[in-house]
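Novice: The structure file data11.pdb (PDB, C-alpha atoms) is provided below.
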ATOM      1  CA  MET A   1       7.641 -18.517-105.739
ATOM      2  CA  LEU A   2       5.714 -15.302-105.057
ATOM      3  CA  ILE A   3       3.385 -17.260-102.761
ATOM      4  CA  LEU A   4       6.388 -18.536-100.804
ATOM      5  CA  LEU A   5       7.745 -14.997-100.489
ATOM      6  CA  ILE A   6       4.394 -13.803 -99.121
ATOM      7  CA  GLY A   7       4.341 -16.810 -96.799
ATOM      8  CA  SER A   8       7.761 -15.904 -95.425
ATOM      9  CA  ILE A   9       6.607 -12.317 -94.801
ATOM     10  CA  VAL A  10       3.383 -13.251 -92.993
ATOM     11  CA  LEU A  11       4.850 -16.106 -90.944
ATOM     12  CA  THR A  12       7.921 -14.155 -89.834
ATOM     13  CA  SER A  13       5.740 -11.213 -88.826
ATOM     14  CA  TYR A  14       3.560 -13.600 -86.829
ATOM     15  CA  LEU A  15       6.592 -14.697 -84.794
ATOM     16  CA  THR A  16       7.396 -11.169 -83.595
ATOM     17  CA  LEU A  17       3.746 -10.452 -82.837
ATOM     18  CA  SER A  18       3.398 -13.703 -80.891
ATOM     19  CA  PHE A  19       5.921 -12.519 -78.295
ATOM     20  CA  LYS A  20       3.717  -9.527 -77.563
ATOM     21  CA  VAL A  21       0.820 -11.903 -76.947
ATOM     22  CA  CYS A  22       2.976 -14.063 -74.645
ATOM     23  CA  HIS A  23       3.828 -11.049 -72.481
ATOM     24  CA  ARG A  24       0.175 -10.002 -72.278
ATOM     25  CA  PHE A  25      -0.902 -13.439 -71.025
ATOM     26  CA  GLY A  26       2.017 -13.872 -68.624
ATOM     27  CA  ILE A  27       3.587 -16.703 -70.622
ATOM     28  CA  SER A  28       7.314 -17.289 -70.201
ATOM     29  CA  THR A  29       8.808 -16.431 -73.592
ATOM     30  CA  PHE A  30      11.948 -18.388 -72.697
ATOM     31  CA  GLN A  31       9.929 -21.568 -72.213
ATOM     32  CA  ALA A  32       7.745 -20.855 -75.253
ATOM     33  CA  ILE A  33      10.862 -20.443 -77.406
ATOM     34  CA  ILE A  34      12.254 -23.808 -76.287
ATOM     35  CA  PHE A  35       9.002 -25.672 -76.941
ATOM     36  CA  ASN A  36       8.809 -23.806 -80.244
ATOM     37  CA  TYR A  37      12.081 -25.418 -81.353
ATOM     38  CA  ILE A  38      10.967 -28.860 -80.208
ATOM     39  CA  THR A  39       7.846 -28.295 -82.317
ATOM     40  CA  CYS A  40      10.019 -27.203 -85.276
ATOM     41  CA  VAL A  41      11.954 -30.490 -85.068
ATOM     42  CA  ILE A  42       8.765 -32.560 -84.984
ATOM     43  CA  THR A  43       7.181 -30.551 -87.817
ATOM     44  CA  GLY A  44      10.304 -30.749 -89.963
ATOM     45  CA  SER A  45      10.706 -34.465 -89.370
ATOM     46  CA  ILE A  46       7.107 -35.036 -90.460
ATOM     47  CA  VAL A  47       7.661 -32.957 -93.610
ATOM     48  CA  ASN A  48      10.990 -34.714 -94.180
ATOM     49  CA  GLY A  49       9.564 -38.161 -93.610
ATOM     50  CA  SER A  50      12.382 -39.007 -91.181
ATOM     51  CA  PHE A  51      14.509 -37.627 -88.348
ATOM     52  CA  PRO A  52      17.719 -36.301 -89.994
ATOM     53  CA  VAL A  53      20.085 -36.051 -86.993
ATOM     54  CA  VAL A  54      21.689 -39.455 -87.612
ATOM     55  CA  PRO A  55      25.334 -40.609 -87.840
ATOM     56  CA  GLY A  56      25.140 -40.706 -91.620
ATOM     57  CA  ASN A  57      24.758 -36.914 -91.733
ATOM     58  CA  PHE A  58      27.456 -36.055 -89.188
ATOM     59  CA  GLN A  59      30.120 -35.881 -91.895
ATOM     60  CA  GLN A  60      28.079 -33.753 -94.286
ATOM     61  CA  ASP A  61      29.514 -30.296 -95.047
ATOM     62  CA  TRP A  62      26.315 -28.600 -93.910
ATOM     63  CA  PHE A  63      26.104 -30.375 -90.534
ATOM     64  CA  LYS A  64      28.554 -28.145 -88.625
ATOM     65  CA  TRP A  65      26.712 -25.142 -90.045
ATOM     66  CA  ALA A  66      23.461 -26.583 -88.674
ATOM     67  CA  MET A  67      25.050 -26.710 -85.206
ATOM     68  CA  LEU A  68      26.130 -23.065 -85.486
ATOM     69  CA  MET A  69      22.743 -22.058 -86.873
ATOM     70  CA  GLY A  70      20.910 -23.734 -84.014
ATOM     71  CA  THR A  71      22.948 -21.740 -81.509
ATOM     72  CA  MET A  72      22.194 -18.530 -83.400
ATOM     73  CA  PHE A  73      18.499 -19.372 -83.690
ATOM     74  CA  ILE A  74      17.854 -19.654 -79.955
ATOM     75  CA  SER A  75      20.103 -16.704 -79.060
ATOM     76  CA  ILE A  76      18.482 -14.339 -81.555
ATOM     77  CA  PHE A  77      14.940 -15.549 -80.813
ATOM     78  CA  ASN A  78      15.414 -14.713 -77.136
ATOM     79  CA  LEU A  79      16.855 -11.322 -78.095
ATOM     80  CA  VAL A  80      13.833 -10.646 -80.337
ATOM     81  CA  ALA A  81      11.465 -11.582 -77.486
ATOM     82  CA  PHE A  82      13.246  -9.320 -74.985
ATOM     83  CA  THR A  83      13.465  -6.399 -77.428
ATOM     84  CA  THR A  84       9.775  -6.779 -78.308
ATOM     85  CA  HIS A  85       8.911  -6.520 -74.618
ATOM     86  CA  LYS A  86      11.113  -3.454 -74.048
ATOM     87  CA  ALA A  87      10.774  -1.554 -77.330
ATOM     88  CA  GLY A  88       7.574  -2.843 -78.956
ATOM     89  CA  VAL A  89       6.701  -4.887 -82.042
ATOM     90  CA  ALA A  90       7.210  -2.175 -84.665
ATOM     91  CA  VAL A  91      10.635  -1.064 -83.432
ATOM     92  CA  THR A  92      11.831  -4.658 -83.029
ATOM     93  CA  SER A  93      10.604  -5.670 -86.470
ATOM     94  CA  VAL A  94      12.271  -2.739 -88.211
ATOM     95  CA  ALA A  95      15.587  -3.178 -86.381
ATOM     96  CA  ASN A  96      15.549  -6.906 -87.012
ATOM     97  CA  LYS A  97      14.792  -6.620 -90.694
ATOM     98  CA  LEU A  98      17.064  -3.676 -91.481
ATOM     99  CA  SER A  99      19.841  -6.116 -90.715
ATOM    100  CA  MET A 100      19.528  -7.035 -94.395
ATOM    101  CA  VAL A 101      22.326  -4.477 -94.911
ATOM    102  CA  ILE A 102      24.785  -7.132 -93.746
ATOM    103  CA  PRO A 103      23.783 -10.007 -96.083
ATOM    104  CA  VAL A 104      23.544  -7.532 -98.977
ATOM    105  CA  ALA A 105      27.152  -6.496 -98.387
ATOM    106  CA  PHE A 106      28.281 -10.123 -98.125
ATOM    107  CA  SER A 107      26.354 -11.068-101.289
ATOM    108  CA  VAL A 108      28.278  -8.429-103.226
ATOM    109  CA  TRP A 109      31.572  -9.605-101.758
ATOM    110  CA  LEU A 110      31.085 -13.387-101.903
ATOM    111  CA  TYR A 111      28.934 -13.827-105.006
ATOM    112  CA  ASN A 112      29.984 -10.821-107.129
ATOM    113  CA  GLU A 113      26.472  -9.407-107.208
ATOM    114  CA  SER A 114      25.960  -5.848-108.382
ATOM    115  CA  MET A 115      26.409  -2.826-106.090
ATOM    116  CA  GLY A 116      25.524   0.486-107.706
ATOM    117  CA  TRP A 117      24.967   3.887-106.180
ATOM    118  CA  ILE A 118      21.266   3.104-105.653
ATOM    119  CA  LYS A 119      22.054   0.170-103.366
ATOM    120  CA  ILE A 120      24.727   2.172-101.560
ATOM    121  CA  ALA A 121      22.216   4.973-100.939
ATOM    122  CA  GLY A 122      19.757   2.421 -99.592
ATOM    123  CA  ILE A 123      22.312   1.051 -97.140
ATOM    124  CA  LEU A 124      23.210   4.529 -95.841
ATOM    125  CA  ILE A 125      19.532   5.424 -95.385
ATOM    126  CA  ALA A 126      18.985   2.126 -93.553
ATOM    127  CA  LEU A 127      21.648   2.995 -91.002
ATOM    128  CA  VAL A 128      19.962   6.351 -90.307
ATOM    129  CA  ALA A 129      16.628   4.568 -89.935
ATOM    130  CA  VAL A 130      18.031   2.200 -87.290
ATOM    131  CA  ILE A 131      19.095   5.192 -85.185
ATOM    132  CA  LEU A 132      15.720   6.943 -85.510
ATOM    133  CA  ILE A 133      13.596   3.919 -84.615
ATOM    134  CA  SER A 134      15.656   3.289 -81.469
ATOM    135  CA  ILE A 135      14.973   6.764 -80.049
ATOM    136  CA  ARG A 136      12.306   6.899 -77.338
ATOM    137  CA  GLU A 137      10.600  10.028 -76.075
ATOM    138  CA  LYS A 138      11.574  11.309 -72.619
ATOM    139  CA  ASP A 139       8.033  11.096 -71.350
ATOM    140  CA  ASP A 140       7.719   7.481 -72.458
ATOM    141  CA  GLU A 141       6.695   5.232 -69.580
ATOM    142  CA  LYS A 142       9.739   3.145 -70.377
ATOM    143  CA  HIS A 143      12.129   6.081 -69.873
ATOM    144  CA  SER A 144      14.103   4.080 -67.328
ATOM    145  CA  ILE A 145      15.307   1.679 -70.040
ATOM    146  CA  ASN A 146      15.901   4.301 -72.752
ATOM    147  CA  TRP A 147      19.635   3.652 -72.616
ATOM    148  CA  LEU A 148      19.054  -0.059 -73.199
ATOM    149  CA  ILE A 149      16.993   0.245 -76.378
ATOM    150  CA  PRO A 150      19.843   1.356 -78.710
ATOM    151  CA  VAL A 151      21.935  -1.521 -77.333
ATOM    152  CA  LEU A 152      19.153  -4.032 -78.006
ATOM    153  CA  VAL A 153      18.452  -2.613 -81.458
ATOM    154  CA  GLY A 154      22.130  -2.643 -82.370
ATOM    155  CA  GLY A 155      22.617  -6.192 -81.115
ATOM    156  CA  LEU A 156      19.542  -7.393 -82.992
ATOM    157  CA  PHE A 157      20.685  -5.572 -86.131
ATOM    158  CA  ILE A 158      24.109  -7.271 -86.174
ATOM    159  CA  SER A 159      23.065 -10.754 -85.046
ATOM    160  CA  SER A 160      20.088 -10.994 -87.422
ATOM    161  CA  GLY A 161      22.259  -9.783 -90.291
ATOM    162  CA  LEU A 162      24.867 -12.437 -89.613
ATOM    163  CA  LEU A 163      22.142 -15.104 -89.390
ATOM    164  CA  ASP A 164      20.690 -14.129 -92.784
ATOM    165  CA  THR A 165      24.219 -14.117 -94.231
ATOM    166  CA  ALA A 166      24.909 -17.597 -92.872
ATOM    167  CA  ILE A 167      21.606 -18.943 -94.238
ATOM    168  CA  LYS A 168      22.451 -17.601 -97.691
ATOM    169  CA  TYR A 169      26.029 -18.923 -97.512
ATOM    170  CA  VAL A 170      24.935 -22.447 -96.624
ATOM    171  CA  GLU A 171      22.127 -22.396 -99.195
ATOM    172  CA  TYR A 172      24.557 -21.271-101.907
ATOM    173  CA  HIS A 173      27.371 -23.717-101.148
ATOM    174  CA  PHE A 174      25.846 -26.830 -99.613
ATOM    175  CA  LEU A 175      22.088 -27.180-100.034
ATOM    176  CA  ASN A 176      19.909 -28.748-102.697
ATOM    177  CA  GLU A 177      16.370 -30.121-102.907
ATOM    178  CA  GLU A 178      17.458 -33.397-101.285
ATOM    179  CA  ASN A 179      19.241 -32.078 -98.185
ATOM    180  CA  LYS A 180      17.789 -28.641 -97.407
ATOM    181  CA  ASN A 181      15.137 -30.021 -95.051
ATOM    182  CA  ASP A 182      17.699 -32.213 -93.257
ATOM    183  CA  TYR A 183      19.728 -29.063 -92.668
ATOM    184  CA  LEU A 184      16.788 -27.030 -91.316
ATOM    185  CA  VAL A 185      15.578 -29.752 -88.950
ATOM    186  CA  SER A 186      19.129 -30.336 -87.684
ATOM    187  CA  ALA A 187      19.544 -26.620 -86.955
ATOM    188  CA  PHE A 188      16.257 -26.542 -85.051
ATOM    189  CA  PHE A 189      17.304 -29.706 -83.203
ATOM    190  CA  PHE A 190      20.469 -28.107 -81.839
ATOM    191  CA  ALA A 191      18.491 -25.023 -80.798
ATOM    192  CA  ALA A 192      16.042 -27.313 -78.988
ATOM    193  CA  VAL A 193      18.867 -29.221 -77.246
ATOM    194  CA  ILE A 194      20.559 -26.035 -76.019
ATOM    195  CA  GLY A 195      17.256 -24.626 -74.802
ATOM    196  CA  THR A 196      16.215 -27.848 -73.078
ATOM    197  CA  VAL A 197      19.512 -28.045 -71.185
ATOM    198  CA  LEU A 198      19.193 -24.429 -70.023
ATOM    199  CA  LEU A 199      15.556 -24.849 -69.008
ATOM    200  CA  SER A 200      16.260 -28.111 -67.188
ATOM    201  CA  ALA A 201      18.987 -26.404 -65.166
ATOM    202  CA  GLN A 202      16.607 -23.608 -64.185
ATOM    203  CA  LEU A 203      13.808 -26.027 -63.273
ATOM    204  CA  LEU A 204      16.141 -28.133 -61.119
ATOM    205  CA  THR A 205      17.359 -25.043 -59.244
ATOM    206  CA  ASP A 206      13.793 -23.715 -58.841
ATOM    207  CA  LYS A 207      14.595 -20.560 -60.819
ATOM    208  CA  GLN A 208      11.607 -21.328 -63.047
ATOM    209  CA  LYS A 209       8.489 -23.440 -62.898
ATOM    210  CA  LEU A 210       7.177 -25.269 -65.904
ATOM    211  CA  GLN A 211       4.199 -23.515 -67.516
ATOM    212  CA  PRO A 212       1.763 -25.772 -69.390
ATOM    213  CA  LYS A 213       0.541 -22.725 -71.311
ATOM    214  CA  ALA A 214       4.111 -22.143 -72.522
ATOM    215  CA  ILE A 215       3.996 -25.579 -74.160
ATOM    216  CA  LEU A 216       0.840 -24.589 -76.050
ATOM    217  CA  ALA A 217       2.399 -21.240 -77.005
ATOM    218  CA  GLY A 218       5.521 -23.043 -78.222
ATOM    219  CA  ILE A 219       3.433 -25.238 -80.498
ATOM    220  CA  CYS A 220       1.565 -22.214 -81.878
ATOM    221  CA  ILE A 221       4.887 -20.465 -82.572
ATOM    222  CA  GLY A 222       6.866 -23.510 -83.718
ATOM    223  CA  VAL A 223       4.879 -24.600 -86.754
ATOM    224  CA  PRO A 224       4.898 -21.108 -88.381
ATOM    225  CA  ASN A 225       8.560 -20.661 -87.383
ATOM    226  CA  TYR A 226       9.618 -23.798 -89.247
ATOM    227  CA  PHE A 227       7.746 -22.855 -92.394
ATOM    228  CA  SER A 228       8.988 -19.226 -92.292
ATOM    229  CA  ILE A 229      12.580 -20.462 -92.668
ATOM    230  CA  TRP A 230      11.522 -23.156 -95.129
ATOM    231  CA  CYS A 231       9.884 -20.532 -97.347
ATOM    232  CA  LEU A 232      12.921 -18.237 -97.174
ATOM    233  CA  VAL A 233      15.378 -20.978 -98.175
ATOM    234  CA  LYS A 234      13.058 -22.019-101.009
ATOM    235  CA  VAL A 235      12.798 -18.452-102.336
ATOM    236  CA  LEU A 236      16.562 -17.895-102.086
ATOM    237  CA  LYS A 237      17.116 -21.065-104.113
ATOM    238  CA  ASN A 238      14.689 -19.968-106.854
ATOM    239  CA  PRO A 239      14.242 -16.159-106.734
ATOM    240  CA  PRO A 240      11.115 -14.785-108.471
ATOM    241  CA  TYR A 241      11.267 -12.219-111.266
ATOM    242  CA  GLY A 242      15.004 -12.734-111.808
ATOM    243  CA  LEU A 243      15.993 -10.912-108.617
ATOM    244  CA  GLN A 244      19.430 -11.449-107.102
ATOM    245  CA  SER A 245      19.706 -12.869-103.577
ATOM    246  CA  SER A 246      20.943  -9.453-102.409
ATOM    247  CA  ALA A 247      17.484  -8.138-103.334
ATOM    248  CA  ILE A 248      15.345 -11.065-102.107
ATOM    249  CA  ILE A 249      16.110 -10.501 -98.438
ATOM    250  CA  PRO A 250      15.381  -6.729 -98.613
ATOM    251  CA  VAL A 251      12.079  -7.302-100.429
ATOM    252  CA  ASN A 252      11.147  -9.945 -97.871
ATOM    253  CA  ASN A 253      12.115  -7.648 -95.018
ATOM    254  CA  MET A 254      10.215  -4.664 -96.415
ATOM    255  CA  GLY A 255       7.035  -6.711 -96.310
ATOM    256  CA  ILE A 256       7.743  -7.864 -92.756
ATOM    257  CA  VAL A 257       8.395  -4.300 -91.565
ATOM    258  CA  LEU A 258       5.151  -2.976 -93.026
ATOM    259  CA  PHE A 259       2.978  -5.927 -92.006
ATOM    260  CA  SER A 260       4.309  -6.045 -88.426
ATOM    261  CA  ALA A 261       4.080  -2.289 -87.904
ATOM    262  CA  MET A 262       0.497  -2.094 -89.160
ATOM    263  CA  VAL A 263      -0.687  -5.092 -87.122
ATOM    264  CA  ALA A 264       1.048  -3.750 -83.990
ATOM    265  CA  LEU A 265      -0.632  -0.393 -84.519
ATOM    266  CA  LEU A 266      -4.087  -1.875 -85.082
ATOM    267  CA  LEU A 267      -4.094  -4.710 -82.532
ATOM    268  CA  PHE A 268      -1.743  -3.515 -79.785
ATOM    269  CA  HIS A 269      -2.118   0.258 -80.204
ATOM    270  CA  GLU A 270       1.633   0.765 -79.920
ATOM    271  CA  LYS A 271       2.662   4.407 -79.661
ATOM    272  CA  LEU A 272       5.365   5.601 -82.023
ATOM    273  CA  SER A 273       6.988   9.012 -81.928
ATOM    274  CA  LYS A 274       7.458  11.181 -85.026
ATOM    275  CA  LYS A 275      11.107  10.135 -85.117
ATOM    276  CA  ASN A 276      10.087   6.465 -84.983
ATOM    277  CA  TRP A 277       7.676   6.983 -87.888
ATOM    278  CA  ILE A 278      10.356   8.774 -89.890
ATOM    279  CA  GLY A 279      12.638   5.798 -89.190
ATOM    280  CA  ILE A 280       9.996   3.370 -90.454
ATOM    281  CA  VAL A 281       9.434   5.420 -93.616
ATOM    282  CA  LEU A 282      13.176   5.607 -94.217
ATOM    283  CA  SER A 283      13.480   1.870 -93.666
ATOM    284  CA  VAL A 284      10.910   1.185 -96.384
ATOM    285  CA  LEU A 285      12.684   3.633 -98.696
ATOM    286  CA  SER A 286      16.068   2.022 -98.036
ATOM    287  CA  ILE A 287      14.813  -1.491 -98.701
ATOM    288  CA  ALA A 288      13.046  -0.357-101.876
ATOM    289  CA  LEU A 289      16.255   1.284-103.128
ATOM    290  CA  ILE A 290      18.306  -1.837-102.481
ATOM    291  CA  ALA A 291      15.736  -4.055-104.194
ATOM    292  CA  SER A 292      15.379  -1.743-107.208
ATOM    293  CA  GLY A 293      19.153  -1.629-107.557
ATOM    294  CA  ASP A 294      18.903  -4.953-109.388
ATOM    295  CA  LYS A 295      16.641  -3.474-112.026
ATOM    296  CA  LEU A 296      18.139  -0.027-112.666
TER     297      LEU A 296
END
Would you give me this structure, written as structure tokens?

Specialist:
Amino acid sequence: MLILLIGSIVLTSYLTLSFKVCHRFGISTFQAIIFNYITCVITGSIVNGSFPVVPGNFQQDWFKWAMLMGTMFISIFNLVAFTTHKAGVAVTSVANKLSMVIPVAFSVWLYNESMGWIKIAGILIALVAVILISIREKDDEKHSINWLIPVLVGGLFISSGLLDTAIKYVEYHFLNEENKNDYLVSAFFFAAVIGTVLLSAQLLTDKQKLQPKAILAGICIGVPNYFSIWCLVKVLKNPPYGLQSSAIIPVNNMGIVLFSAMVALLLFHEKLSKKNWIGIVLSVLSIALIASGDKL
């Protein structure tokens, strides 16, 4: 299961970094995201051995959750892409992954998992970190959108947290080895349907033109995207080292924060202020405290 945890960290980090690449090459992230979900459906169906969105599954308890999840997937993915463009990879990754505060709180409430002073301290530090990483220097070339960054960070923080909570809730109550892939592919299918309808409307009204390179980008994003969620669900179902689910997501997110920030620094030369760096350090500390709360 450790390999799957590492896989989730690397693949999820790749998704955030890929949006930076799309912007650099003038690729429409909106189109890439839609083709990404179409790719997820095809990939999942191949892994599954069949296409799961069939009448026989419509009455399953998990099916309505798949519809909700698909809506959340495409909404949050577009928010991640926009925030990456405006605030950078490192800031987006930290804000996105610090949202683990929300599923941790729900895990304690819904599943009676432990919540000691160490975890509480980690949550409080995480909130401070979110504020620090959203601050941009006045002389930043993006000063004209300074006011927008806290809004984007806050929206990403809440929406990503609710998504992680929903994934854990469905995994806990409805999923098993036989149906978990049906659920994932169905969720990606609804995201693809919503995106295709929106894109079709924009193409018909000449608000966008189809980009062949966006199709290629969508394929390159879609396969890792499918397996990033697949790995996370698998790890949540069978946590390594006896960790509780309220610790799995923080450990996963700590790795994503560090990996994304270091790659962004090395490959994209993103500039971070001292306050941003303090926020990143605090984020790592907060996640470590929450994870270690299971052991102390």

Novice: Applied to this file, what does the PyMOL selection byres ((chain A and resi 83) around 10) return in terms of residues, put as a VMD selection string?

Specialist: chain A and resid 16 19 77 to 82 84 to 89 91 to 93 95 to 96 148 to 149 151 to 153 155 to 156

Novice: Give me the result of the PyMOL selection byres ((chain A and resi 166-176) around 12) on this file, residue by residue, as a PyMOL selection string.

Specialist: chain A and resi 60-70+72-73+100+102-104+106-107+109-111+159-165+177-184+187+229-230+232-238+244-246+248-249

Novice: Emit the selected residues as a JSON list (two decimals), in the coordinates of the input, including C-alpha atoms.

Specialist:
[["chain", "number", "residue", "atom", "x", "y", "z"],
["A", 60, "GLN", "CA", 28.08, -33.75, -94.29],
["A", 61, "ASP", "CA", 29.51, -30.30, -95.05],
["A", 62, "TRP", "CA", 26.32, -28.60, -93.91],
["A", 63, "PHE", "CA", 26.10, -30.38, -90.53],
["A", 64, "LYS", "CA", 28.55, -28.14, -88.62],
["A", 65, "TRP", "CA", 26.71, -25.14, -90.04],
["A", 66, "ALA", "CA", 23.46, -26.58, -88.67],
["A", 67, "MET", "CA", 25.05, -26.71, -85.21],
["A", 68, "LEU", "CA", 26.13, -23.06, -85.49],
["A", 69, "MET", "CA", 22.74, -22.06, -86.87],
["A", 70, "GLY", "CA", 20.91, -23.73, -84.01],
["A", 72, "MET", "CA", 22.19, -18.53, -83.40],
["A", 73, "PHE", "CA", 18.50, -19.37, -83.69],
["A", 100, "MET", "CA", 19.53, -7.04, -94.40],
["A", 102, "ILE", "CA", 24.78, -7.13, -93.75],
["A", 103, "PRO", "CA", 23.78, -10.01, -96.08],
["A", 104, "VAL", "CA", 23.54, -7.53, -98.98],
["A", 106, "PHE", "CA", 28.28, -10.12, -98.12],
["A", 107, "SER", "CA", 26.35, -11.07, -101.29],
["A", 109, "TRP", "CA", 31.57, -9.60, -101.76],
["A", 110, "LEU", "CA", 31.08, -13.39, -101.90],
["A", 111, "TYR", "CA", 28.93, -13.83, -105.01],
["A", 159, "SER", "CA", 23.06, -10.75, -85.05],
["A", 160, "SER", "CA", 20.09, -10.99, -87.42],
["A", 161, "GLY", "CA", 22.26, -9.78, -90.29],
["A", 162, "LEU", "CA", 24.87, -12.44, -89.61],
["A", 163, "LEU", "CA", 22.14, -15.10, -89.39],
["A", 164, "ASP", "CA", 20.69, -14.13, -92.78],
["A", 165, "THR", "CA", 24.22, -14.12, -94.23],
["A", 177, "GLU", "CA", 16.37, -30.12, -102.91],
["A", 178, "GLU", "CA", 17.46, -33.40, -101.28],
["A", 179, "ASN", "CA", 19.24, -32.08, -98.18],
["A", 180, "LYS", "CA", 17.79, -28.64, -97.41],
["A", 181, "ASN", "CA", 15.14, -30.02, -95.05],
["A", 182, "ASP", "CA", 17.70, -32.21, -93.26],
["A", 183, "TYR", "CA", 19.73, -29.06, -92.67],
["A", 184, "LEU", "CA", 16.79, -27.03, -91.32],
["A", 187, "ALA", "CA", 19.54, -26.62, -86.96],
["A", 229, "ILE", "CA", 12.58, -20.46, -92.67],
["A", 230, "TRP", "CA", 11.52, -23.16, -95.13],
["A", 232, "LEU", "CA", 12.92, -18.24, -97.17],
["A", 233, "VAL", "CA", 15.38, -20.98, -98.18],
["A", 234, "LYS", "CA", 13.06, -22.02, -101.01],
["A", 235, "VAL", "CA", 12.80, -18.45, -102.34],
["A", 236, "LEU", "CA", 16.56, -17.90, -102.09],
["A", 237, "LYS", "CA", 17.12, -21.06, -104.11],
["A", 238, "ASN", "CA", 14.69, -19.97, -106.85],
["A", 244, "GLN", "CA", 19.43, -11.45, -107.10],
["A", 245, "SER", "CA", 19.71, -12.87, -103.58],
["A", 246, "SER", "CA", 20.94, -9.45, -102.41],
["A", 248, "ILE", "CA", 15.34, -11.06, -102.11],
["A", 249, "ILE", "CA", 16.11, -10.50, -98.44]]

Novice: I want to know what sits within 8 Å of Ala126 in chain A, based on all atoms listed in the file, with residues of the same chain fewer than 2 positions away left out; could you give that as a list in words?

Specialist: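 Contacts, in chain order: Leu98, Val101, Gly122, Ile123, Leu124, Val128, Ala129, Val130, Leu282, Ser283, Ser286 and Ile287 of chain A.
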
Novice: Please report the interatomic distance between CA of His269 in chain A and CA of Lys20 in chain A in Å with one decimal.

Specialist: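 Distance between the two atoms: 11.7 Å.
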
Novice: Can you work out the spacing between CA of Ala288 in chain A and CA of Ala247 in chain A in Å, to one decimal?

Specialist: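 Here the two named atoms are 9.1 Å from each other.
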
Novice: Show me a table, sorted first by chain and then by increasing residue number, of the residues of range 178-295 of chain A having an atom at most 7 Å from range 33-53 of chain A, each with its shortest atom pair and the distance in Å to one decimal, counting all atoms listed in the file and written as a Markdown table.

Specialist:
| residue | atom | partner | partner_atom | distance |
| --- | --- | --- | --- | --- |
| A:Asn181 | CA | A:Asn48 | CA | 6.3 |
| A:Asp182 | CA | A:Pro52 | CA | 5.2 |
| A:Val185 | CA | A:Val41 | CA | 5.4 |
| A:Ser186 | CA | A:Val53 | CA | 5.8 |
| A:Phe188 | CA | A:Tyr37 | CA | 5.7 |
| A:Phe189 | CA | A:Val41 | CA | 5.7 |
| A:Ala191 | CA | A:Tyr37 | CA | 6.4 |
| A:Ala192 | CA | A:Tyr37 | CA | 5.0 |
| A:Gly195 | CA | A:Ile34 | CA | 5.3 |
| A:Thr196 | CA | A:Ile34 | CA | 6.5 |
| A:Ile215 | CA | A:Phe35 | CA | 5.7 |
| A:Gly218 | CA | A:Asn36 | CA | 3.9 |
| A:Ile219 | CA | A:Asn36 | CA | 5.6 |
| A:Ile221 | CA | A:Asn36 | CA | 5.7 |
| A:Gly222 | CA | A:Asn36 | CA | 4.0 |
| A:Val223 | CA | A:Cys40 | CA | 5.9 |
| A:Tyr226 | CA | A:Cys40 | CA | 5.2 |

Novice: May I have the residues from that selection written out with C-alpha atoms, as a compact mmCIF listing (two decimals), in the frame of the given file?

Specialist:
# COMPACT_ATOMS: atom_id res chain seq x y z
CA ASN A 181 15.14 -30.02 -95.05
CA ASP A 182 17.70 -32.21 -93.26
CA VAL A 185 15.58 -29.75 -88.95
CA SER A 186 19.13 -30.34 -87.68
CA PHE A 188 16.26 -26.54 -85.05
CA PHE A 189 17.30 -29.71 -83.20
CA ALA A 191 18.49 -25.02 -80.80
CA ALA A 192 16.04 -27.31 -78.99
CA GLY A 195 17.26 -24.63 -74.80
CA THR A 196 16.22 -27.85 -73.08
CA ILE A 215 4.00 -25.58 -74.16
CA GLY A 218 5.52 -23.04 -78.22
CA ILE A 219 3.43 -25.24 -80.50
CA ILE A 221 4.89 -20.46 -82.57
CA GLY A 222 6.87 -23.51 -83.72
CA VAL A 223 4.88 -24.60 -86.75
CA TYR A 226 9.62 -23.80 -89.25

Novice: Separation of CA of Phe268 in chain A and CA of Ile158 in chain A, in Å?

Specialist: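 Distance between the two atoms: 26.9 Å.
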
Novice: Evaluating the PyMOL selection byres ((chain A and resi 255) around 9) on the displayed file yields which residues, as a ChimeraX atom specification?

Specialist: /A:6,9-10,13,250-254,256-260,284

Novice: I'd like the neighbourhood of Leu2 in chain A as a PyMOL selection string, where a residue qualifies if any of its atoms comes within 10 Å (using all atoms listed in the file), though same-chain residues fewer than 5 positions away should be ignored.

Specialist: chain A and resi 7-8+235+239-241

Novice: Ranking A:Val263, A:Ile120, A:Ala105, A:Ile194 by minimum distance to Thr71 in chain A and counting all atoms listed in the file, which one comes first?

Specialist: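 Of all the options, A:Ile194 lies closest to Thr71 in chain A.
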
Novice: Hey, can I get the axis-aligned box for range 202-208 of chain A? All listed atoms, 8 Å padding on each side, centre and edge lengths in Å to one decimal, as AutoDock Vina command-line options.

Specialist:
--center_x 14.5 --center_y -24.3 --center_z -61.5 --size_x 21.8 --size_y 23.6 --size_z 21.3
